[in-house]
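Below is query.txt, holding compact mmCIF, C-alpha atoms.
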# COMPACT_ATOMS: atom_id res chain seq x y z
CA MET A 1 10.49 133.34 -52.99
CA ALA A 2 13.51 132.97 -50.69
CA THR A 3 16.52 131.02 -51.84
CA ALA A 4 18.38 128.55 -49.67
CA ALA A 5 21.65 129.66 -48.18
CA ALA A 6 24.82 128.23 -49.68
CA PRO A 7 26.30 125.38 -47.63
CA HIS A 8 29.33 126.15 -45.50
CA VAL A 9 32.35 125.09 -47.58
CA LEU A 10 35.86 124.87 -46.19
CA GLU A 11 38.88 124.99 -48.47
CA GLU A 12 41.00 121.96 -49.22
CA PRO A 13 44.30 122.17 -47.31
CA SER A 14 47.64 121.87 -49.06
CA PRO A 15 49.92 118.92 -48.24
CA ASP A 16 52.17 121.20 -46.17
CA ASP A 17 49.19 122.47 -44.19
CA ARG A 18 48.02 118.92 -43.56
CA THR A 19 51.47 117.96 -42.31
CA LEU A 20 51.70 120.94 -39.95
CA ALA A 21 48.19 120.33 -38.61
CA MET A 22 49.12 116.69 -38.05
CA LEU A 23 52.26 117.78 -36.19
CA ALA A 24 50.27 120.20 -34.03
CA ASN A 25 48.02 117.37 -32.85
CA LEU A 26 50.81 114.83 -32.50
CA LEU A 27 53.16 117.19 -30.68
CA MET A 28 50.35 118.02 -28.25
CA ALA A 29 50.50 114.44 -27.02
CA PHE A 30 54.25 114.57 -26.40
CA THR A 31 55.26 118.21 -25.77
CA GLY A 32 52.18 119.58 -24.08
CA PHE A 33 51.11 122.99 -25.26
CA VAL A 34 54.56 124.02 -26.57
CA GLY A 35 54.43 122.22 -29.94
CA PRO A 36 50.95 123.42 -30.97
CA LEU A 37 51.75 126.94 -29.74
CA ILE A 38 54.87 127.15 -31.92
CA ILE A 39 52.96 125.87 -34.95
CA PHE A 40 50.07 128.27 -34.24
CA VAL A 41 52.44 131.26 -34.05
CA VAL A 42 54.56 130.28 -37.06
CA LYS A 43 51.78 129.32 -39.50
CA GLN A 44 49.28 132.20 -39.25
CA ASN A 45 48.32 132.25 -42.95
CA SER A 46 46.62 128.82 -43.00
CA ARG A 47 43.15 128.52 -41.51
CA PHE A 48 43.45 124.72 -41.47
CA VAL A 49 46.66 124.75 -39.42
CA LYS A 50 45.34 127.46 -37.10
CA PHE A 51 42.14 125.47 -36.56
CA HIS A 52 43.95 122.26 -35.57
CA SER A 53 46.64 123.93 -33.48
CA LEU A 54 44.06 126.06 -31.66
CA GLN A 55 42.02 122.95 -30.84
CA ALA A 56 45.14 121.30 -29.42
CA LEU A 57 45.97 124.43 -27.40
CA LEU A 58 42.45 124.70 -26.01
CA TRP A 59 42.42 121.01 -25.07
CA HIS A 60 45.69 121.48 -23.22
CA ALA A 61 44.40 124.58 -21.42
CA ILE A 62 41.41 122.56 -20.20
CA TYR A 63 43.64 119.61 -19.25
CA MET A 64 46.12 121.82 -17.36
CA GLY A 65 43.25 123.57 -15.56
CA LEU A 66 41.91 120.21 -14.38
CA VAL A 67 45.39 119.12 -13.27
CA PHE A 68 45.85 122.30 -11.23
CA LEU A 69 42.39 121.92 -9.72
CA LEU A 70 43.08 118.31 -8.71
CA MET A 71 46.41 119.29 -7.19
CA ALA A 72 44.75 122.10 -5.21
CA VAL A 73 42.13 119.65 -3.88
CA PHE A 74 44.88 117.18 -2.97
CA PHE A 75 46.92 119.74 -1.04
CA ALA A 76 43.85 121.23 0.66
CA ALA A 77 42.69 117.79 1.80
CA THR A 78 46.17 116.90 3.03
CA PHE A 79 46.54 120.12 5.02
CA TRP A 80 42.98 119.80 6.34
CA SER A 81 43.84 116.30 7.52
CA LEU A 82 47.02 117.57 9.19
CA ILE A 83 45.17 120.35 11.00
CA HIS A 84 42.31 118.18 12.27
CA ASN A 85 44.33 115.02 12.95
CA PRO A 86 47.73 116.16 14.21
CA PRO A 87 50.41 113.48 13.97
CA GLN A 88 51.56 111.64 17.07
CA ALA A 89 54.88 112.61 18.57
CA HIS A 90 57.80 111.07 16.65
CA SER A 91 55.44 109.75 13.96
CA GLN A 92 56.67 109.66 10.37
CA ALA A 93 53.35 108.57 8.83
CA PRO A 94 51.76 110.83 6.23
CA PRO A 95 48.33 112.32 6.94
CA PRO A 96 45.30 110.04 6.34
CA ALA A 97 44.05 112.14 3.40
CA PHE A 98 47.25 111.26 1.56
CA PHE A 99 46.25 107.60 1.41
CA VAL A 100 42.78 108.46 0.12
CA PHE A 101 43.55 111.16 -2.42
CA PHE A 102 46.96 110.17 -3.79
CA PRO A 103 45.70 107.06 -5.68
CA LEU A 104 42.73 109.03 -7.03
CA ILE A 105 44.95 111.88 -8.18
CA TRP A 106 47.43 109.47 -9.76
CA LEU A 107 44.67 107.60 -11.62
CA SER A 108 43.21 110.91 -12.82
CA PHE A 109 46.59 112.06 -14.14
CA MET A 110 47.21 108.76 -15.93
CA GLY A 111 43.68 108.79 -17.38
CA GLY A 112 44.19 112.36 -18.59
CA TRP A 113 47.51 111.41 -20.12
CA ALA A 114 45.88 108.48 -21.95
CA VAL A 115 43.07 110.71 -23.28
CA ASN A 116 45.70 113.27 -24.31
CA LEU A 117 47.64 110.62 -26.22
CA ILE A 118 44.55 109.16 -27.90
CA LEU A 119 43.23 112.59 -28.94
CA GLY A 120 46.64 113.56 -30.29
CA VAL A 121 47.07 110.45 -32.42
CA VAL A 122 43.47 110.22 -33.69
CA TYR A 123 43.23 113.88 -34.67
CA ALA A 124 46.74 113.85 -36.14
CA ILE A 125 45.60 111.09 -38.51
CA LYS A 126 42.45 113.05 -39.39
CA ALA A 127 44.44 116.24 -39.99
CA ASN A 128 46.86 114.37 -42.24
CA ARG A 129 43.87 113.21 -44.31
CA GLY A 130 42.80 116.84 -44.70
CA GLU A 131 39.70 116.58 -42.52
CA TRP A 132 38.37 119.56 -40.58
CA ALA A 133 37.76 117.22 -37.63
CA CYS A 134 36.41 118.88 -34.50
CA TYR A 135 37.37 117.86 -30.98
CA PRO A 136 34.40 116.70 -28.88
CA ILE A 137 32.32 119.42 -27.19
CA TYR A 138 34.21 122.60 -28.17
CA GLY A 139 35.65 121.87 -31.62
CA LYS A 140 32.72 123.26 -33.61
CA TRP A 141 33.14 126.65 -31.90
CA LEU A 142 36.54 127.00 -33.54
CA LEU A 143 35.47 126.29 -37.12
CA PRO A 144 36.27 129.29 -39.31
CA LYS A 145 33.35 131.40 -40.47
CA GLN A 146 33.08 132.16 -44.19
As structure tokens:
Amino acid sequence: MATAAAPHVLEEPSPDDRTLAMLANLLMAFTGFVGPLIIFVVKQNSRFVKFHSLQALLWHAIYMGLVFLLMAVFFAATFWSLIHNPPQAHSQAPPPAFFVFFPLIWLSFMGGWAVNLILGVVYAIKANRGEWACYPIYGKWLLPKQ
């Protein structure tokens, strides 16, 4: 008769580990990837701190990739508009694509910043409680294996 596998148990973090994990999430909201990267590099002996700082770093890598992609689309559309609709002589008006894409890009950046702030604060609170809280979509991939 086969026995059931033992449930996956994660250790209880120390108060210092909880504080550093909280800082990794909170600093992500205000310093970008720099704060979580410093905490990840400095505190290598705690799986709890590494888990939370790596989640914050991965979120910021995804966020920065989307920002760069949006900027590339914005510049490509602006140059495409300049090539296919050359400005009139002595005209100081920006290309038409600027008026279409600039508000969309700005709203996307502000929405991303708001999500960044909300994720940082919510997961900082969870880390300070000692929870192994996973970010949506990719967080479970980073859980340590026992």
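Between CA of Glu131 in chain A and CA of Gly65 in chain A the interatomic distance comes to 28.1 Å.
Of note, CA of Trp132 in chain A and CA of Leu57 in chain A are spaced 16.0 Å apart.
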Quick one: which range 36-83 of chain A residues come within 7 Å of range 13-21 of chain A, and what is the nearest atom pair for each with the distance in Å to one decimal, counting only C-alpha atoms, rows ordered by chain and ascending number, as a tab-separated table?
residue	atom	partner	partner_atom	distance
A:Ser46	CA	A:Asp17	CA	7.0
A:Phe48	CA	A:Pro13	CA	6.4
A:Val49	CA	A:Ala21	CA	4.7
A:His52	CA	A:Ala21	CA	5.6
A:Ser53	CA	A:Ala21	CA	6.5
Practice task
Would you mind listing what lies within 12 Å of Thr31 in chain A as a PyMOL selection string, with all atoms listed in the file counted and same-chain residues fewer than 3 positions away left out?
Solution key: chain A and resi 23-28+34-38+56-57+60+113+116-117+120
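Our summary of the geometry notes that CA of Leu54 in chain A is positioned 10.0 Å from CA of Phe33 in chain A.
Using all atoms listed in the file, the nearest neighbour of Phe74 in chain A within the list A:Phe30, A:Ala61, A:Tyr123, A:Ala97 is A:Ala97.
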Practice task
List the neighbours of Val100 in chain A out to 10 Å using all atoms listed in the file; skip same-chain residues closer than 4 positions along the sequence, and give me the result as a list in words.
Solution key: Phe74, Ala77, Thr78, Pro95, Pro96, Leu104 and Ile105 of chain A
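With all atoms listed in the file as the atoms that count, the residue of A:Met64, A:Ala93, A:Phe98, A:Ala124 with the shortest distance to Phe79 in chain A is A:Phe98.
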Fill in the blank from the handout: Shortest contact to Phe109 in chain A, candidates A:Pro136, A:Asn128, A:Leu66, A:Ala72, atoms counted all atoms listed in the file, goes to A:Leu66
Fill in the blank from the handout: Phe51 in chain A proximity check over A:Met110, A:Leu119, A:Val73, A:Leu10, using all atoms listed in the file: winner is A:Leu10
Practice task
Pick out the closest residue to Leu107 in chain A from this set: A:Ile137, A:Leu70, A:Ala127, A:Val121. Count only C-alpha atoms.
Solution key: A:Leu70
